[in-house]
Structure formats: C-alpha cells, structure tokens
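Below is upload02.tsv, which holds TSV, C-alpha atoms.
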chain	number	residue	atom	x	y	z
A	1	MET	CA	-8.63	-30.83	-18.85
A	2	ILE	CA	-6.28	-30.96	-15.87
A	3	PHE	CA	-2.67	-30.31	-16.87
A	4	GLY	CA	-1.18	-30.77	-13.42
A	5	ILE	CA	-1.76	-30.59	-9.68
A	6	GLY	CA	0.57	-29.59	-6.89
A	7	CYS	CA	0.48	-29.45	-3.13
A	8	ASP	CA	2.93	-27.97	-0.63
A	9	ILE	CA	3.20	-27.34	3.08
A	10	ALA	CA	5.44	-24.78	4.80
A	11	LYS	CA	6.39	-24.34	8.44
A	12	VAL	CA	5.32	-20.84	9.48
A	13	SER	CA	8.18	-20.32	11.95
A	14	ARG	CA	10.69	-20.71	9.10
A	15	PHE	CA	9.61	-17.30	7.79
A	16	GLU	CA	10.32	-15.28	10.93
A	17	LYS	CA	13.96	-14.80	9.93
A	18	TRP	CA	12.82	-13.74	6.45
A	19	VAL	CA	10.31	-11.22	7.85
A	20	ARG	CA	12.87	-9.69	10.21
A	21	ASN	CA	15.55	-9.47	7.50
A	22	GLY	CA	13.42	-8.41	4.54
A	23	GLU	CA	16.02	-9.32	1.90
A	24	MET	CA	14.57	-12.81	1.47
A	25	ILE	CA	11.03	-11.42	1.25
A	26	HIS	CA	12.03	-9.15	-1.63
A	27	ARG	CA	13.91	-12.00	-3.30
A	28	PHE	CA	11.05	-14.51	-3.27
A	29	PHE	CA	7.89	-12.39	-3.38
A	30	ASN	CA	6.39	-9.93	-5.83
A	31	GLU	CA	5.91	-6.35	-4.66
A	32	CYS	CA	2.14	-6.92	-4.72
A	33	GLU	CA	2.53	-9.63	-2.06
A	34	ILE	CA	4.87	-7.70	0.22
A	35	ILE	CA	3.51	-6.04	3.35
A	36	GLU	CA	5.90	-3.24	4.31
A	37	ILE	CA	6.12	-2.43	8.01
A	38	GLU	CA	8.70	0.18	8.94
A	39	ASP	CA	7.81	0.55	12.62
A	40	LYS	CA	9.54	-2.22	14.61
A	41	SER	CA	6.94	-2.07	17.40
A	42	ILE	CA	4.17	-2.80	14.89
A	43	LEU	CA	6.31	-5.53	13.32
A	44	GLU	CA	6.53	-7.31	16.68
A	45	LYS	CA	2.76	-7.18	17.12
A	46	ARG	CA	2.13	-8.56	13.62
A	47	ILE	CA	5.00	-11.05	13.31
A	48	ASN	CA	2.78	-14.15	13.43
A	49	PHE	CA	0.38	-12.71	10.84
A	50	LEU	CA	3.27	-11.84	8.52
A	51	CYS	CA	4.89	-15.26	8.87
A	52	GLU	CA	1.58	-16.99	8.07
A	53	HIS	CA	1.04	-14.64	5.11
A	54	TYR	CA	4.41	-15.41	3.53
A	55	ALA	CA	4.40	-19.12	4.40
A	56	ALA	CA	1.03	-19.57	2.66
A	57	ARG	CA	2.14	-17.71	-0.44
A	58	PHE	CA	5.45	-19.54	-0.60
A	59	ALA	CA	3.61	-22.87	-0.33
A	60	ALA	CA	1.39	-21.71	-3.23
A	61	LYS	CA	4.44	-20.93	-5.36
A	62	GLU	CA	5.91	-24.36	-4.58
A	63	ALA	CA	2.59	-26.05	-5.37
A	64	PHE	CA	2.34	-24.12	-8.65
A	65	ALA	CA	5.85	-25.22	-9.68
A	66	LYS	CA	4.88	-28.83	-8.94
A	67	ALA	CA	1.63	-28.53	-10.91
A	68	LEU	CA	3.53	-27.04	-13.84
A	69	GLY	CA	5.83	-30.06	-13.72
A	70	THR	CA	9.07	-28.10	-14.04
A	71	GLY	CA	9.91	-27.26	-10.46
A	72	PHE	CA	11.32	-23.75	-10.37
A	73	THR	CA	13.23	-24.20	-13.63
A	74	GLY	CA	12.33	-21.25	-15.84
A	75	LEU	CA	10.42	-19.48	-13.04
A	76	GLU	CA	11.32	-16.40	-11.03
A	77	LEU	CA	9.53	-16.41	-7.70
A	78	SER	CA	9.11	-12.64	-7.74
A	79	ASP	CA	7.51	-12.77	-11.23
A	80	PHE	CA	4.30	-14.41	-9.99
A	81	GLY	CA	2.29	-14.57	-6.82
A	82	ILE	CA	-1.03	-14.46	-5.03
A	83	LYS	CA	-3.51	-11.61	-4.70
A	84	ASN	CA	-6.92	-11.83	-3.11
A	85	ASN	CA	-9.80	-10.82	-5.37
A	86	GLU	CA	-12.61	-8.51	-4.24
A	87	ASN	CA	-14.28	-11.44	-2.43
A	88	GLY	CA	-11.08	-12.45	-0.64
A	89	LYS	CA	-10.43	-15.50	-2.85
A	90	PRO	CA	-6.71	-16.03	-3.52
A	91	GLU	CA	-5.77	-15.91	-7.19
A	92	PHE	CA	-2.49	-16.14	-9.06
A	93	PHE	CA	-1.11	-13.24	-11.03
A	94	PHE	CA	1.73	-13.73	-13.50
A	95	GLY	CA	4.45	-11.46	-14.81
A	96	GLN	CA	5.39	-11.66	-18.48
A	97	LYS	CA	8.19	-14.22	-18.07
A	98	THR	CA	5.97	-16.62	-16.13
A	99	ALA	CA	3.01	-16.06	-18.46
A	100	ASP	CA	5.20	-16.87	-21.47
A	101	ASN	CA	6.46	-20.03	-19.75
A	102	ILE	CA	2.89	-21.16	-18.97
A	103	LYS	CA	1.79	-20.49	-22.54
A	104	LYS	CA	4.72	-22.52	-23.90
A	105	LEU	CA	4.03	-25.48	-21.62
A	106	CYS	CA	0.24	-25.42	-21.27
A	107	GLY	CA	-1.14	-23.46	-24.21
A	108	THR	CA	-3.01	-20.17	-24.41
A	109	ASN	CA	-6.11	-21.13	-22.40
A	110	ALA	CA	-4.36	-22.35	-19.25
A	111	ARG	CA	-5.73	-21.29	-15.90
A	112	ALA	CA	-4.34	-21.96	-12.42
A	113	GLN	CA	-6.65	-22.45	-9.44
A	114	VAL	CA	-5.21	-22.11	-5.94
A	115	SER	CA	-6.33	-22.80	-2.41
A	116	ILE	CA	-4.27	-21.73	0.60
A	117	SER	CA	-4.71	-22.23	4.32
A	118	HIS	CA	-2.67	-21.64	7.44
A	119	GLU	CA	-3.04	-22.51	11.08
A	120	LYS	CA	-0.44	-21.45	13.66
A	121	GLU	CA	2.44	-23.79	12.77
A	122	PHE	CA	1.83	-24.67	9.13
A	123	ALA	CA	0.60	-23.25	5.84
A	124	VAL	CA	-0.61	-25.42	2.99
A	125	SER	CA	-1.52	-24.81	-0.63
A	126	PHE	CA	-3.12	-26.83	-3.39
A	127	VAL	CA	-2.91	-25.85	-7.08
A	128	VAL	CA	-4.67	-27.19	-10.17
A	129	ILE	CA	-3.65	-26.06	-13.65
A	130	GLU	CA	-6.41	-26.47	-16.25
A	131	THR	CA	-5.89	-26.32	-20.01
A	132	GLY	CA	-8.02	-26.39	-23.13
A	133	ASP	CA	-11.50	-24.96	-23.57
A	134	LEU	CA	-12.70	-23.74	-20.22
Could you show the structure in this file as structure tokens?
Amino acid sequence: MIFGIGCDIAKVSRFEKWVRNGEMIHRFFNECEIIEIEDKSILEKRINFLCEHYAARFAAKEAFAKALGTGFTGLELSDFGIKNNENGKPEFFFGQKTADNIKKLCGTNARAQVSISHEKEFAVSFVVIETGDL
C-alpha cells in the first residue's frame, strides 16, 4: 500500500555556494553522501558535477519529507540520505533517529523508493513510501 508520495525540484546553481563553503554540505548531508575534494584546482574542474550531486540528493530529501507527510519535523537531514547500490540505483539509507520516526509513522515494513535525475540547471526527485506486506 502506498503511504505517501513526494516530488521536489532543486536549482543546481544554488548549491555552488554550499560546495565552495562546505559548512552547509556537512550540515545537510550524511558523511556517506559527501564528496571531499581538498585540492581547489580539482574542485574547479568538478564544480558542476558536485552541484548536480548535492542538488539531486537534497531534492530527494525534500521529496522524502513530503512523502512522509511531516515536512522536516522530526528529521535531521544528515541522519538519512542516498547511496547508489552496486547497480548504480539510488537508494535511501536511514540513521537510527530517522528509522525510528519512519517506524512510528509508517510501521515496521515501510520501504521508500526514490528516483533522482539532474540536467544542467535542475535536479528532480520522486519518492514513494510503501507500507504493509511487501
């Protein structure tokens, strides 16, 4: 059964300031999502890739919060995120606080499906939370 759906879009250029500063990246993303680049010359070459990477994941977090139906109330953005599985498919991972919140709201068999995409100026994500016997 579908518990909730969410969709979000993010402007990629918004994340350039975050990538260059780093403080915002560490505030809103889990360490598993963060791509550390110490060398400023490499950072300049990869800035567009990094902005797309973070914009897509931020859109996924927003879409998840919408699907959950709570907004970000009770969620810490750094306590959950997106990893790609061995086939490259994006999948959510949840820290304990987020997992407990999902269990309280959706039950023990909840599962979140996510799709992300980005193209130059924008990143978009769609999330479906399923509950019950899967």
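The spacing separating CA of Glu23 in chain A from CA of Cys7 in chain A amounts to 25.9 Å.
Here the question is which of A:Thr98, A:Thr131, A:Asn48, A:Ser13 gets nearest to Gly81 in chain A using all atoms listed in the file, and that residue is A:Thr98.
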Would you place a box with edges along x, y and z of the file around all atoms of range 58-75 of chain A listed there, add 6 Å to each of its six sides, and report the centre and edge lengths in Å to one decimal, as JSON?
{"center_x": 7.3, "center_y": -24.8, "center_z": -8.1, "size_x": 23.8, "size_y": 22.6, "size_z": 27.5}
TODO: For Lys83 in chain A, please output as a VMD selection string all residues within 9 Å (counting all atoms listed in the file; exclusion window: fewer than 4 positions along the same chain).
DONE: chain A and resid 32 to 33 88 to 93
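Rounded to one decimal, CA of Glu86 in chain A and CA of His53 in chain A lie 17.6 Å from each other.
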TODO: Please provide as JSON, numbers by chain all residues within 12 Å of range 111-125 of chain A, with the sequence filter that same-chain residues fewer than 5 positions apart are discarded (counting only C-alpha atoms).
DONE: {"A": [1, 2, 3, 4, 5, 6, 7, 8, 9, 10, 11, 12, 13, 14, 15, 16, 47, 48, 49, 50, 51, 52, 53, 54, 55, 56, 57, 58, 59, 60, 61, 62, 63, 64, 65, 66, 67, 68, 80, 81, 82, 83, 84, 88, 89, 90, 91, 92, 93, 94, 99, 102, 103, 106, 130, 131, 132, 133, 134]}
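With CA of Lys40 in chain A on one side and CA of Lys17 in chain A on the other, the separation reads 14.1 Å.
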Return range 98-121 of chain A, completed with N, CA, C and O atoms, as a tab-separated table (two decimals), in the frame of the given file.
chain	number	residue	atom	x	y	z
A	98	THR	N	6.73	-15.45	-16.58
A	98	THR	CA	5.97	-16.62	-16.13
A	98	THR	C	4.82	-16.92	-17.08
A	98	THR	O	4.57	-18.08	-17.43
A	99	ALA	N	4.12	-15.87	-17.52
A	99	ALA	CA	3.01	-16.06	-18.46
A	99	ALA	C	3.49	-16.71	-19.75
A	99	ALA	O	2.82	-17.61	-20.29
A	100	ASP	N	4.64	-16.28	-20.25
A	100	ASP	CA	5.20	-16.87	-21.47
A	100	ASP	C	5.54	-18.34	-21.25
A	100	ASP	O	5.31	-19.18	-22.12
A	101	ASN	N	6.10	-18.65	-20.09
A	101	ASN	CA	6.46	-20.03	-19.75
A	101	ASN	C	5.21	-20.92	-19.68
A	101	ASN	O	5.20	-22.03	-20.20
A	102	ILE	N	4.15	-20.41	-19.06
A	102	ILE	CA	2.89	-21.16	-18.97
A	102	ILE	C	2.32	-21.40	-20.36
A	102	ILE	O	1.89	-22.52	-20.69
A	103	LYS	N	2.32	-20.37	-21.18
A	103	LYS	CA	1.79	-20.49	-22.54
A	103	LYS	C	2.56	-21.54	-23.34
A	103	LYS	O	1.97	-22.35	-24.05
A	104	LYS	N	3.88	-21.56	-23.19
A	104	LYS	CA	4.72	-22.52	-23.90
A	104	LYS	C	4.43	-23.95	-23.45
A	104	LYS	O	4.33	-24.86	-24.27
A	105	LEU	N	4.23	-24.14	-22.15
A	105	LEU	CA	4.03	-25.48	-21.62
A	105	LEU	C	2.58	-25.96	-21.68
A	105	LEU	O	2.32	-27.13	-21.90
A	106	CYS	N	1.64	-25.03	-21.46
A	106	CYS	CA	0.24	-25.42	-21.27
A	106	CYS	C	-0.70	-24.93	-22.36
A	106	CYS	O	-1.87	-25.32	-22.38
A	107	GLY	N	-0.26	-24.02	-23.20
A	107	GLY	CA	-1.14	-23.46	-24.21
A	107	GLY	C	-1.72	-22.13	-23.76
A	107	GLY	O	-1.48	-21.66	-22.65
A	108	THR	N	-2.52	-21.54	-24.65
A	108	THR	CA	-3.01	-20.17	-24.41
A	108	THR	C	-4.19	-20.10	-23.45
A	108	THR	O	-4.46	-19.04	-22.90
A	109	ASN	N	-4.91	-21.18	-23.25
A	109	ASN	CA	-6.11	-21.13	-22.40
A	109	ASN	C	-5.88	-21.70	-21.00
A	109	ASN	O	-6.84	-22.05	-20.33
A	110	ALA	N	-4.65	-21.78	-20.57
A	110	ALA	CA	-4.36	-22.35	-19.25
A	110	ALA	C	-4.84	-21.41	-18.14
A	110	ALA	O	-4.81	-20.19	-18.28
A	111	ARG	N	-5.27	-22.03	-17.07
A	111	ARG	CA	-5.73	-21.29	-15.90
A	111	ARG	C	-5.29	-22.06	-14.65
A	111	ARG	O	-5.41	-23.27	-14.60
A	112	ALA	N	-4.79	-21.33	-13.67
A	112	ALA	CA	-4.34	-21.96	-12.42
A	112	ALA	C	-5.31	-21.61	-11.29
A	112	ALA	O	-5.60	-20.43	-11.07
A	113	GLN	N	-5.78	-22.62	-10.62
A	113	GLN	CA	-6.65	-22.45	-9.44
A	113	GLN	C	-5.81	-22.73	-8.20
A	113	GLN	O	-5.00	-23.66	-8.20
A	114	VAL	N	-6.02	-21.96	-7.15
A	114	VAL	CA	-5.21	-22.11	-5.94
A	114	VAL	C	-6.08	-22.04	-4.69
A	114	VAL	O	-7.05	-21.30	-4.63
A	115	SER	N	-5.72	-22.86	-3.73
A	115	SER	CA	-6.33	-22.80	-2.41
A	115	SER	C	-5.19	-22.75	-1.39
A	115	SER	O	-4.21	-23.50	-1.51
A	116	ILE	N	-5.29	-21.84	-0.44
A	116	ILE	CA	-4.27	-21.73	0.60
A	116	ILE	C	-4.94	-21.73	1.97
A	116	ILE	O	-6.09	-21.31	2.11
A	117	SER	N	-4.21	-22.22	2.95
A	117	SER	CA	-4.71	-22.23	4.32
A	117	SER	C	-3.52	-22.21	5.27
A	117	SER	O	-2.44	-22.69	4.93
A	118	HIS	N	-3.72	-21.62	6.44
A	118	HIS	CA	-2.67	-21.64	7.44
A	118	HIS	C	-3.29	-21.69	8.83
A	118	HIS	O	-4.39	-21.20	9.06
A	119	GLU	N	-2.57	-22.35	9.71
A	119	GLU	CA	-3.04	-22.51	11.08
A	119	GLU	C	-1.83	-22.61	12.00
A	119	GLU	O	-1.16	-23.64	12.03
A	120	LYS	N	-1.52	-21.54	12.68
A	120	LYS	CA	-0.44	-21.45	13.66
A	120	LYS	C	0.90	-21.95	13.13
A	120	LYS	O	1.74	-21.16	12.77
A	121	GLU	N	1.12	-23.25	13.09
A	121	GLU	CA	2.44	-23.79	12.77
A	121	GLU	C	2.70	-24.05	11.29
A	121	GLU	O	3.85	-24.07	10.86
